[in-house]
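Here's data39.txt, which has compact mmCIF, C-alpha atoms:
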```txt
# COMPACT_ATOMS: atom_id res chain seq x y z
CA MET A 1 89.85 123.03 114.04
CA TRP A 2 92.66 120.60 114.67
CA SER A 3 93.24 119.94 118.35
CA TRP A 4 96.63 118.53 119.29
CA ASP A 5 95.38 117.75 122.79
CA PHE A 6 92.59 115.61 121.43
CA ALA A 7 94.77 113.95 118.81
CA ILE A 8 97.21 112.92 121.53
CA SER A 9 94.56 111.98 124.09
CA ILE A 10 93.04 109.34 121.80
CA LEU A 11 96.39 107.75 120.95
CA PRO A 12 96.39 105.18 123.79
CA GLN A 13 92.98 103.94 122.69
CA LEU A 14 94.10 103.66 119.07
CA LEU A 15 97.36 101.94 119.99
CA GLN A 16 95.34 99.44 122.00
CA ALA A 17 93.31 98.73 118.86
CA MET A 18 96.52 98.53 116.84
CA ILE A 19 97.31 95.31 118.73
CA VAL A 20 94.16 93.73 117.24
CA THR A 21 95.21 94.96 113.79
CA ILE A 22 98.65 93.40 114.14
CA GLU A 23 97.24 90.15 115.53
CA ALA A 24 94.85 89.91 112.60
CA THR A 25 97.72 90.53 110.16
CA ILE A 26 99.90 87.82 111.70
CA VAL A 27 97.19 85.16 111.96
CA GLY A 28 95.91 86.06 108.48
CA PHE A 29 99.42 85.78 107.06
CA VAL A 30 99.98 82.34 108.61
CA ILE A 31 96.69 81.13 107.09
CA ALA A 32 97.61 82.69 103.74
CA ALA A 33 101.04 81.02 103.75
CA LEU A 34 99.64 77.58 104.62
CA LEU A 35 96.82 77.77 102.08
CA GLY A 36 99.14 79.31 99.48
CA LEU A 37 101.53 76.41 99.87
CA LEU A 38 98.64 73.97 99.62
CA TRP A 39 97.47 75.57 96.33
CA THR A 40 101.02 75.41 94.97
CA LEU A 41 101.28 71.71 95.78
CA CYS A 42 97.83 71.02 94.27
CA LYS A 43 98.82 72.86 91.09
CA ARG A 44 101.78 70.51 90.73
CA SER A 45 99.67 67.42 91.23
CA PRO A 46 99.64 64.87 88.40
CA PHE A 47 95.85 64.60 88.83
CA THR A 48 94.47 66.96 86.16
CA PRO A 49 90.96 67.64 87.56
CA LEU A 50 92.51 68.77 90.86
CA ARG A 51 94.87 71.12 89.01
CA ILE A 52 92.03 72.62 86.99
CA ALA A 53 89.78 73.03 90.02
CA VAL A 54 92.48 74.72 92.11
CA ASN A 55 93.50 77.00 89.25
CA ALA A 56 89.90 78.09 88.70
CA PHE A 57 89.30 78.60 92.43
CA VAL A 58 92.46 80.68 92.83
CA GLU A 59 91.61 82.80 89.78
CA PHE A 60 88.08 83.39 91.12
CA ILE A 61 89.19 84.40 94.63
CA LYS A 62 91.86 86.68 93.21
CA SER A 63 89.39 88.46 90.91
CA THR A 64 86.68 89.20 93.47
CA PRO A 65 86.84 91.80 96.25
CA LEU A 66 88.11 90.86 99.69
CA LEU A 67 85.30 92.91 101.23
CA VAL A 68 82.66 90.76 99.53
CA GLN A 69 84.47 87.59 100.55
CA LEU A 70 84.49 88.80 104.15
CA TYR A 71 80.73 89.43 103.96
CA PHE A 72 80.29 86.00 102.44
CA ILE A 73 82.14 84.28 105.27
CA PHE A 74 80.48 86.40 107.93
CA PHE A 75 76.89 86.36 106.64
CA VAL A 76 76.55 83.29 104.43
CA PHE A 77 78.44 80.69 106.45
CA PRO A 78 75.96 80.93 109.37
CA ALA A 79 73.24 79.78 106.95
CA PHE A 80 75.18 76.51 106.80
CA GLY A 81 75.61 76.35 110.54
CA VAL A 82 79.10 77.85 110.74
CA SER A 83 79.02 81.04 112.80
CA LEU A 84 82.40 82.68 113.19
CA SER A 85 83.45 85.58 115.38
CA PRO A 86 84.43 88.78 113.52
CA PHE A 87 88.08 88.07 114.24
CA LEU A 88 87.97 84.48 112.96
CA ALA A 89 85.90 85.37 109.90
CA GLY A 90 88.25 88.29 109.25
CA VAL A 91 91.53 86.39 109.42
CA LEU A 92 90.03 83.52 107.43
CA GLY A 93 88.90 85.89 104.65
CA LEU A 94 92.18 87.81 104.69
CA GLY A 95 94.18 84.57 104.70
CA LEU A 96 92.15 82.97 101.92
CA HIS A 97 92.31 86.06 99.71
CA TYR A 98 96.07 86.52 100.02
CA SER A 99 96.78 82.79 99.73
CA THR A 100 95.99 83.24 96.04
CA TYR A 101 98.81 85.78 95.80
CA LEU A 102 101.25 83.80 97.95
CA THR A 103 100.78 80.68 95.83
CA GLU A 104 102.39 82.59 92.95
CA VAL A 105 105.27 83.57 95.22
CA PHE A 106 105.85 79.97 96.30
CA ARG A 107 105.66 78.85 92.69
CA THR A 108 108.45 81.25 91.61
CA GLY A 109 110.56 80.03 94.52
CA ILE A 110 110.07 76.36 93.68
CA ASP A 111 110.46 76.85 89.92
CA ALA A 112 113.84 78.44 90.52
CA ILE A 113 115.25 75.21 91.99
CA PRO A 114 117.43 73.47 89.37
CA LYS A 115 116.13 70.14 88.12
CA GLY A 116 119.28 68.41 89.29
CA GLN A 117 118.22 68.93 92.90
CA TRP A 118 115.10 66.83 92.36
CA GLU A 119 117.10 64.19 90.53
CA ALA A 120 119.76 64.11 93.22
CA GLY A 121 117.05 63.62 95.82
CA SER A 122 115.60 60.64 93.94
CA ALA A 123 119.05 59.23 93.24
CA LEU A 124 119.79 59.29 96.97
CA ASN A 125 116.55 57.39 97.50
CA PHE A 126 114.94 60.19 99.52
CA SER A 127 111.22 59.81 100.00
CA ARG A 128 108.87 62.34 98.35
CA VAL A 129 108.26 64.06 101.69
CA LYS A 130 111.95 64.18 102.48
CA ILE A 131 112.78 65.70 99.09
CA TRP A 132 110.31 68.48 99.77
CA THR A 133 111.22 69.16 103.38
CA GLN A 134 114.98 68.58 103.25
CA ILE A 135 116.00 69.66 99.77
CA ILE A 136 113.45 71.81 97.94
CA MET A 137 111.84 74.02 100.58
CA PRO A 138 115.07 75.02 102.39
CA GLN A 139 116.32 76.36 99.06
CA ALA A 140 113.03 77.74 97.75
CA ILE A 141 112.05 79.84 100.77
CA PRO A 142 115.02 82.19 101.45
CA PRO A 143 115.00 83.91 98.02
CA ILE A 144 111.27 84.68 98.31
CA ILE A 145 111.41 86.14 101.83
CA PRO A 146 111.33 89.75 100.52
CA MET A 147 108.23 89.00 98.44
CA LEU A 148 106.56 87.37 101.43
CA GLY A 149 107.50 90.46 103.45
CA ASN A 150 105.87 92.74 100.89
CA TYR A 151 102.64 90.78 101.04
CA PHE A 152 102.74 90.90 104.83
CA ILE A 153 102.77 94.71 104.57
CA VAL A 154 100.00 94.67 101.96
CA MET A 155 97.87 92.50 104.25
CA PHE A 156 98.55 94.83 107.16
CA LYS A 157 97.13 97.70 105.12
CA GLU A 158 94.06 95.65 104.18
CA THR A 159 93.05 94.89 107.78
CA PRO A 160 90.82 98.02 108.00
CA LEU A 161 88.33 96.06 105.87
CA LEU A 162 87.74 93.84 108.88
CA SER A 163 85.98 96.79 110.50
CA ALA A 164 83.15 96.19 107.99
CA ILE A 165 82.35 92.89 109.73
CA SER A 166 82.43 94.68 113.08
CA LEU A 167 85.92 93.74 114.25
CA VAL A 168 87.05 96.48 116.62
CA GLU A 169 90.45 97.28 115.11
CA MET A 170 91.99 100.70 114.52
CA VAL A 171 89.57 102.07 111.92
CA GLN A 172 86.52 100.87 113.81
CA THR A 173 87.90 102.46 116.98
CA ALA A 174 88.55 105.71 115.12
CA GLN A 175 85.01 105.65 113.83
CA MET A 176 83.62 105.16 117.32
CA ILE A 177 85.76 108.01 118.63
CA GLY A 178 84.61 110.13 115.70
CA SER A 179 80.92 109.50 116.15
CA ALA A 180 81.11 110.09 119.91
CA SER A 181 83.08 113.34 119.76
CA PHE A 182 82.53 114.42 116.15
CA ARG A 183 86.28 114.81 115.89
CA TYR A 184 86.79 112.67 112.79
CA VAL A 185 89.77 114.70 111.57
CA GLU A 186 92.01 113.84 114.52
CA ALA A 187 90.80 110.23 114.73
CA PHE A 188 91.38 109.30 111.08
CA THR A 189 94.55 111.37 110.75
CA ASP A 190 96.01 109.54 113.75
CA VAL A 191 95.12 106.19 112.19
CA GLY A 192 96.68 107.20 108.88
CA ILE A 193 99.87 108.29 110.65
CA ILE A 194 100.06 105.05 112.64
CA PHE A 195 99.74 103.05 109.41
CA LEU A 196 102.43 105.13 107.73
CA VAL A 197 104.78 104.94 110.72
CA LEU A 198 104.50 101.15 110.77
CA SER A 199 104.40 100.30 107.07
CA TYR A 200 107.02 102.70 105.69
CA PRO A 201 109.92 101.50 107.88
CA ALA A 202 108.71 97.94 107.32
CA SER A 203 109.01 98.38 103.57
CA LEU A 204 112.50 99.86 104.01
CA ILE A 205 113.49 96.80 106.05
CA VAL A 206 112.15 94.52 103.30
CA GLY A 207 114.24 96.51 100.82
CA VAL A 208 117.38 95.91 102.89
CA ILE A 209 116.62 92.18 103.22
CA ASN A 210 116.07 92.05 99.47
CA LYS A 211 119.52 93.51 98.83
CA ARG A 212 121.19 91.06 101.22
CA ILE A 213 119.42 88.10 99.67
CA LYS A 214 120.33 89.21 96.17
CA GLN A 215 123.98 89.38 97.22
CA ARG A 216 123.82 85.96 98.78
CA PHE A 217 121.91 84.14 96.08
CA GLY A 218 123.13 86.22 93.18
CA GLN A 219 119.69 86.47 91.66
CA SER A 220 116.55 88.45 91.90
CA ILE A 221 113.15 86.96 91.47
CA MET B 1 59.86 86.62 99.32
CA VAL B 2 61.30 88.88 96.67
CA SER B 3 61.49 87.62 93.13
CA ASN B 4 64.82 86.80 91.58
CA ILE B 5 64.24 89.41 88.93
CA ALA B 6 63.86 92.14 91.54
CA ILE B 7 67.11 91.06 93.19
CA PHE B 8 68.86 90.99 89.87
CA ASN B 9 67.53 94.39 88.86
CA SER B 10 68.81 96.16 91.94
CA LEU B 11 72.17 94.45 91.62
CA LEU B 12 72.43 95.63 88.03
CA LYS B 13 71.72 99.17 89.18
CA GLY B 14 74.62 98.82 91.58
CA LEU B 15 76.78 97.34 88.84
CA ALA B 16 76.26 100.49 86.75
CA VAL B 17 77.56 102.61 89.63
CA THR B 18 80.52 100.27 90.17
CA LEU B 19 81.47 100.50 86.48
CA GLN B 20 81.15 104.27 86.59
CA VAL B 21 83.42 104.54 89.63
CA LEU B 22 85.85 102.11 87.98
CA GLY B 23 85.96 104.12 84.74
CA TYR B 24 86.53 107.50 86.35
CA SER B 25 89.08 106.28 88.85
CA VAL B 26 91.05 104.35 86.22
CA ILE B 27 91.37 107.59 84.24
CA LEU B 28 92.39 109.58 87.33
CA ALA B 29 94.84 106.91 88.49
CA LEU B 30 96.40 106.62 85.04
CA GLY B 31 96.86 110.40 84.81
CA LEU B 32 98.42 110.59 88.27
CA SER B 33 100.65 107.58 87.51
CA PHE B 34 102.23 109.30 84.54
CA ILE B 35 102.46 112.73 86.16
CA PHE B 36 104.15 111.48 89.32
CA GLY B 37 106.11 108.81 87.46
CA PHE B 38 107.70 111.49 85.28
CA LEU B 39 108.16 113.86 88.23
CA SER B 40 110.08 111.21 90.14
CA LEU B 41 112.47 110.87 87.18
CA SER B 42 112.98 114.60 86.75
CA LYS B 43 116.26 116.31 87.58
CA TRP B 44 114.39 118.89 89.60
CA LYS B 45 114.81 118.05 93.27
CA ILE B 46 111.50 119.51 94.46
CA ALA B 47 109.58 117.46 91.90
CA LYS B 48 111.35 114.32 93.09
CA ILE B 49 110.54 115.04 96.73
CA ALA B 50 106.92 115.88 95.92
CA SER B 51 106.38 112.64 94.04
CA HIS B 52 108.19 110.64 96.71
CA LEU B 53 105.90 112.13 99.38
CA TYR B 54 102.79 111.49 97.30
CA ILE B 55 103.76 107.88 96.61
CA GLU B 56 104.75 106.99 100.17
CA ILE B 57 101.79 108.71 101.84
CA PHE B 58 99.17 107.13 99.61
CA ARG B 59 100.79 103.71 99.56
CA GLY B 60 101.63 103.74 103.24
CA THR B 61 98.22 104.55 104.65
CA SER B 62 95.37 102.23 103.91
CA LEU B 63 92.81 102.84 101.12
CA LEU B 64 89.89 102.58 103.52
CA VAL B 65 91.53 105.08 105.89
CA GLN B 66 91.92 107.47 102.95
CA LEU B 67 88.29 107.07 101.90
CA PHE B 68 87.07 107.61 105.45
CA TRP B 69 89.33 110.61 105.79
CA LEU B 70 87.86 112.17 102.64
CA TYR B 71 84.32 111.26 103.66
CA PHE B 72 84.24 111.97 107.41
CA SER B 73 87.15 114.34 108.08
CA LEU B 74 87.05 116.75 105.15
CA PRO B 75 83.49 117.98 105.86
CA ILE B 76 84.62 119.02 109.35
CA LEU B 77 87.37 121.06 107.71
CA GLY B 78 84.63 122.69 105.64
CA ILE B 79 84.87 120.68 102.41
CA GLN B 80 81.85 118.52 101.71
CA LEU B 81 82.29 116.27 98.68
CA PRO B 82 79.57 114.04 97.17
CA ALA B 83 80.08 110.32 97.80
CA MET B 84 80.82 109.66 94.13
CA LEU B 85 83.66 112.18 94.10
CA VAL B 86 85.02 110.79 97.38
CA GLY B 87 85.10 107.30 95.87
CA VAL B 88 86.76 108.33 92.62
CA LEU B 89 89.23 110.64 94.36
CA GLY B 90 90.18 108.07 96.99
CA LEU B 91 90.62 105.21 94.53
CA GLY B 92 92.36 107.39 91.94
CA LEU B 93 94.85 108.87 94.42
CA ASN B 94 95.60 105.51 96.01
CA TYR B 95 96.14 103.49 92.84
CA GLY B 96 97.82 106.45 91.14
CA ALA B 97 100.58 106.11 93.74
CA TYR B 98 101.07 102.44 92.90
CA GLY B 99 100.94 103.26 89.18
CA ALA B 100 103.53 106.03 89.50
CA VAL B 101 106.05 103.48 90.76
CA VAL B 102 105.23 101.24 87.79
CA VAL B 103 105.73 104.09 85.31
CA LYS B 104 108.99 105.09 86.95
CA THR B 105 110.51 101.59 87.09
CA SER B 106 109.32 100.72 83.55
CA ILE B 107 110.99 103.77 82.05
CA GLN B 108 114.14 102.94 84.00
CA ALA B 109 113.96 99.39 82.67
CA VAL B 110 114.36 100.53 79.05
CA PRO B 111 118.00 99.80 78.13
CA LYS B 112 120.33 102.76 78.47
CA GLY B 113 121.57 102.40 74.92
CA GLN B 114 118.15 103.48 73.71
CA PHE B 115 118.52 106.84 75.49
CA GLU B 116 122.02 107.25 74.16
CA ALA B 117 121.06 106.33 70.62
CA SER B 118 118.24 108.85 70.55
CA VAL B 119 120.55 111.54 71.93
CA ALA B 120 123.10 110.64 69.25
CA LEU B 121 120.36 110.98 66.62
CA ASN B 122 119.76 114.50 67.90
CA MET B 123 116.15 113.87 68.93
CA SER B 124 114.47 116.45 71.13
CA PRO B 125 113.75 115.22 74.70
CA PHE B 126 110.04 115.14 73.87
CA ARG B 127 110.52 113.16 70.66
CA ARG B 128 112.91 110.79 72.44
CA MET B 129 110.29 110.04 75.08
CA ARG B 130 107.40 109.77 72.64
CA SER B 131 108.91 107.71 69.85
CA VAL B 132 111.68 105.70 71.50
CA ILE B 133 111.36 105.31 75.26
CA LEU B 134 107.62 105.26 75.97
CA PRO B 135 106.62 102.65 73.37
CA GLN B 136 109.12 100.26 74.94
CA ALA B 137 108.32 101.22 78.52
CA PHE B 138 104.62 100.80 77.84
CA VAL B 139 105.04 97.12 76.99
CA ILE B 140 106.85 96.64 80.30
CA MET B 141 104.08 98.46 82.19
CA LEU B 142 101.19 96.47 80.78
CA PRO B 143 101.23 93.30 82.92
CA THR B 144 101.45 95.31 86.14
CA PHE B 145 98.79 97.75 84.96
CA SER B 146 96.58 94.75 84.25
CA ASN B 147 96.95 93.59 87.86
CA LEU B 148 96.44 97.12 89.19
CA THR B 149 93.20 97.51 87.22
CA ILE B 150 91.84 94.33 88.80
CA GLU B 151 92.99 95.59 92.21
CA LEU B 152 91.18 98.85 91.52
CA LEU B 153 88.00 97.03 90.51
CA LYS B 154 88.13 95.10 93.77
CA GLY B 155 88.85 98.33 95.59
CA THR B 156 85.64 99.88 94.27
CA SER B 157 83.70 97.65 96.68
CA LEU B 158 85.03 99.88 99.50
CA VAL B 159 83.00 102.85 98.26
CA SER B 160 79.94 101.04 99.64
CA LEU B 161 81.32 101.91 103.09
CA VAL B 162 81.11 105.62 102.28
CA THR B 163 77.43 105.17 101.32
CA LEU B 164 77.84 105.15 97.55
CA SER B 165 75.25 102.72 96.18
CA ASP B 166 77.56 100.46 94.19
CA LEU B 167 77.20 96.73 93.64
CA THR B 168 78.27 95.77 97.17
CA PHE B 169 76.08 98.46 98.73
CA GLN B 170 73.03 97.20 96.84
CA ALA B 171 73.77 93.65 97.96
CA MET B 172 73.96 94.74 101.60
CA ALA B 173 70.69 96.64 101.25
CA LEU B 174 69.04 93.59 99.66
CA ARG B 175 70.40 91.38 102.41
CA SER B 176 68.69 93.34 105.15
CA ALA B 177 65.50 93.63 103.09
CA THR B 178 65.14 90.01 101.96
CA MET B 179 67.47 87.90 104.14
CA GLU B 180 68.28 85.86 101.01
CA THR B 181 71.91 85.98 102.03
CA VAL B 182 73.23 82.91 100.22
CA LYS B 183 71.73 83.80 96.87
CA ILE B 184 72.61 87.50 96.97
CA PHE B 185 76.25 87.09 97.91
CA THR B 186 76.82 84.26 95.47
CA ILE B 187 75.45 86.36 92.60
CA LEU B 188 77.52 89.29 93.89
CA LEU B 189 80.79 87.35 93.72
CA ILE B 190 79.95 86.03 90.26
CA LEU B 191 79.11 89.52 88.98
CA TYR B 192 82.49 90.86 90.13
CA PHE B 193 84.20 87.96 88.40
CA ILE B 194 82.25 88.63 85.21
CA VAL B 195 83.56 92.20 85.22
CA ALA B 196 87.13 91.24 86.13
CA TYR B 197 87.71 88.42 83.69
CA PRO B 198 87.22 90.35 80.42
CA ILE B 199 89.58 93.03 81.77
CA THR B 200 92.26 90.38 82.30
CA LEU B 201 91.64 88.96 78.82
CA ALA B 202 91.74 92.40 77.20
CA PHE B 203 95.10 93.19 78.78
CA ARG B 204 96.49 89.82 77.69
CA TRP B 205 95.37 90.53 74.14
CA LEU B 206 96.93 94.00 74.21
CA GLU B 207 100.19 92.62 75.59
CA LYS B 208 100.36 90.08 72.80
CA LYS B 209 99.57 92.67 70.19
CA LEU B 210 102.12 95.21 71.41
CA SER B 211 104.93 92.73 71.90
CA VAL B 212 104.74 91.47 68.31
CA GLY B 213 108.16 91.83 66.74
CA ARG B 214 109.77 92.97 69.96
CA GLY B 215 111.07 89.55 70.92
```
Would you mind writing the structure in this file as structure tokens?
Amino acid sequence: MWSWDFAISILPQLLQAMIVTIEATIVGFVIAALLGLLWTLCKRSPFTPLRIAVNAFVEFIKSTPLLVQLYFIFFVFPAFGVSLSPFLAGVLGLGLHYSTYLTEVFRTGIDAIPKGQWEAGSALNFSRVKIWTQIIMPQAIPPIIPMLGNYFIVMFKETPLLSAISLVEMVQTAQMIGSASFRYVEAFTDVGIIFLVLSYPASLIVGVINKRIKQRFGQSI
Amino acid sequence: MVSNIAIFNSLLKGLAVTLQVLGYSVILALGLSFIFGFLSLSKWKIAKIASHLYIEIFRGTSLLVQLFWLYFSLPILGIQLPAMLVGVLGLGLNYGAYGAVVVKTSIQAVPKGQFEASVALNMSPFRRMRSVILPQAFVIMLPTFSNLTIELLKGTSLVSLVTLSDLTFQAMALRSATMETVKIFTILLILYFIVAYPITLAFRWLEKKLSVGRG
């Protein structure tokens, strides 16, 4: 049944596709981080309607499936004249979905900053922008790096969904190999192993970083 | 042009399947969570290794890969499962692995003095677990279980890719039949939210109720 020769012979093709998977994860994560930060800032705005709108939007995106959101971006946006490639639609959907998780992460980081830091910033006559970029963010980000790392791994494992909007990443490639040769066992087992080989060590690394950061900041979030 | 009622009717049919998959896989995932959560805390080394393997394999490979493996690969090995079973099995096994970690860490989070006190009171291990440790651990588990249930609900949309006619599958079928893309997908998103929100509220209510008097 299981053919080692075949399982090994398709590896180069799958590893090629793995590059697309990793690219999608990285671009998606950057979008998620930027949007997540934007939501966090909006939620702190003194303008109540903005706060309510962003809260509702974040709750809605978080409660509905990523797959459906991907379909929405890929199939509905063209009706409004915005046609995106599978890759762009994919990273946009992935980034938007996980921005609603990352906004929580940023919030915990920012909430952990003592009030005195804000006051010191104002007392020194720092501008609003300077307080954020020079005082708050440099302290808020390091403690949340492990959490960001965990979400990076989660997003990596969600990229197979992008195959549903025809992005040729690992799962789509495995499916094409499977339907051409009818050797689905080797194709999907290979993909599973590649995911495991990448994500398990990555989660161990995040664990180590977490320990170091706890030692350095004396707290766990 | 298909009437709105026709669109709505077929989406509701899909919703019934989605809820069914959700119900069965929540039960399976919950069972697996407790089984492997307890195994990972046992003194028996083989049980620990088995649960560690289960957790890392099912968390480390992607849910969609697991579903495709069950759906496309198993039949070649001679085991043909119906789509419904594939969906429930895939979702249950995947989220069971996440749940097992929650059960394990929640039990570990109960203060050590509680274990010691119940040993000092000469309680049997079973009684200790049932009347002292679990009631406290359960309160700790709830918020994470709430999130996992929502994740599982969202995960059910993946069963449409293994040809189970759930909500998402029905929407895709309607899309190719009617081309009313905007309307269909907007209703689809709203329907998922309508299912998810009461679940969140129910968990919040349960949390409040169970933490009364626990400070």
Against chain A, which residues of chain B fall within 7 Å? For each one I want the closest pair of atoms and the distance in Å (one decimal), counting only C-alpha atoms, rows by chain and increasing residue number, as a tab-separated table.
```
residue	atom	partner	partner_atom	distance
B:Ile57	CA	A:Leu196	CA	6.9
B:Gly60	CA	A:Leu196	CA	4.8
B:Thr61	CA	A:Phe195	CA	5.2
B:Ser62	CA	A:Lys157	CA	5.0
B:Leu64	CA	A:Pro160	CA	6.5
B:Val65	CA	A:Gly192	CA	6.3
B:Trp69	CA	A:Phe188	CA	5.8
B:Phe72	CA	A:Tyr184	CA	6.0
B:Ser73	CA	A:Val185	CA	4.4
B:Ile150	CA	A:Ser63	CA	6.7
B:Lys154	CA	A:Pro65	CA	4.3
B:Gly155	CA	A:Pro65	CA	6.9
B:Ser157	CA	A:Pro65	CA	6.7
B:Thr181	CA	A:Val76	CA	5.9
B:Val182	CA	A:Val76	CA	5.4
B:Phe185	CA	A:Phe72	CA	6.2
B:Leu189	CA	A:Thr64	CA	6.2
B:Tyr192	CA	A:Thr64	CA	5.6
B:Phe193	CA	A:Thr64	CA	5.8
B:Ala196	CA	A:Ser63	CA	6.0
```
Please write the residues from the selection above to a file, keeping C-alpha atoms, as a short mmCIF file (atom, residue, chain, number, x, y, z; two decimals), in the coordinates of the input.
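Output below, filename selection-v2.cif:
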```cif
data_model
loop_
_atom_site.label_atom_id
_atom_site.label_comp_id
_atom_site.auth_asym_id
_atom_site.auth_seq_id
_atom_site.Cartn_x
_atom_site.Cartn_y
_atom_site.Cartn_z
CA ILE B 57 101.79 108.71 101.84
CA GLY B 60 101.63 103.74 103.24
CA THR B 61 98.22 104.55 104.65
CA SER B 62 95.37 102.23 103.91
CA LEU B 64 89.89 102.58 103.52
CA VAL B 65 91.53 105.08 105.89
CA TRP B 69 89.33 110.61 105.79
CA PHE B 72 84.24 111.97 107.41
CA SER B 73 87.15 114.34 108.08
CA ILE B 150 91.84 94.33 88.80
CA LYS B 154 88.13 95.10 93.77
CA GLY B 155 88.85 98.33 95.59
CA SER B 157 83.70 97.65 96.68
CA THR B 181 71.91 85.98 102.03
CA VAL B 182 73.23 82.91 100.22
CA PHE B 185 76.25 87.09 97.91
CA LEU B 189 80.79 87.35 93.72
CA TYR B 192 82.49 90.86 90.13
CA PHE B 193 84.20 87.96 88.40
CA ALA B 196 87.13 91.24 86.13
#
```
Residue nearest Phe203 (chain B) - candidates B:Leu142, B:Ile190, B:Leu74, B:Leu153, atoms counted: only C-alpha atoms =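 For Phe203 (chain B), the nearest of the given residues is B:Leu142.
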Spatial neighbours of Gln20 (chain B), 10 Å, all atoms listed in the file, chain gap at least 6 places, as a list in words =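 My list of contacting residues is Gly14, Val26, Met84, Val88, Thr156 and Asp166 of chain B.
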task = Select, from B:Thr105, B:Asn4, B:Ser51, B:Gln66, the residue with the minimum atom-to-atom distance to Leu158 (chain B), counting all atoms listed in the file.
result =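 Answer, going by the shortest atom-to-atom distance: B:Gln66.
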What lies within 8 Å of Tyr101 (chain A) using only C-alpha atoms, ignoring chain neighbours under 4 positions off, as an mmCIF file with C-alpha atoms, in the coordinates of the input?
```cif
data_model
loop_
_atom_site.group_PDB
_atom_site.id
_atom_site.type_symbol
_atom_site.label_atom_id
_atom_site.label_comp_id
_atom_site.auth_asym_id
_atom_site.auth_seq_id
_atom_site.Cartn_x
_atom_site.Cartn_y
_atom_site.Cartn_z
ATOM 1 C CA GLY A 36 99.140 79.310 99.480
ATOM 2 C CA LYS A 62 91.860 86.680 93.210
ATOM 3 C CA HIS A 97 92.310 86.060 99.710
ATOM 4 C CA VAL A 105 105.270 83.570 95.220
#
```
query = By how many Å are CA of Ala100 (chain B) and CA of Met141 (chain B) apart?
reply = 10.5 Å
message = Using Å and a single decimal, report how far CA of Leu161 (chain B) sits from CA of Ile27 (chain B).
response = 22.1 Å
ask   = What is the distance, in Å and to one decimal place, between CA of Leu15 (chain B) and CA of Ala173 (chain B)?
value =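 Separation between CA of Leu15 (chain B) and CA of Ala173 (chain B): 13.8 Å.
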request  = Do a neighbour search on Val212 (chain B) at 12 Å with only C-alpha atoms, toss out local chain neighbours closer than 6 positions, and write the hits as a PyMOL selection string.
outcome  = chain B and resi 136+139+205-206
Provide an axis-aligned box for all listed atoms of region 108-115 of chain A, padding each side by 8 Å; report its centre and its edge lengths in Å to one decimal, as lines of an AutoDock Vina configuration file.
```
center_x = 112.9
center_y = 75.7
center_z = 91.3
size_x = 25.0
size_y = 27.1
size_z = 22.4
```
task = Counting only C-alpha atoms, figure out which residue out of A:Leu148, A:Ala202, A:Ala17, A:Leu84 gets nearest to Ala33 (chain A).
result =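 Nearest candidate to Ala33 (chain A) out of A:Leu148, A:Ala202, A:Ala17, A:Leu84: A:Leu148.
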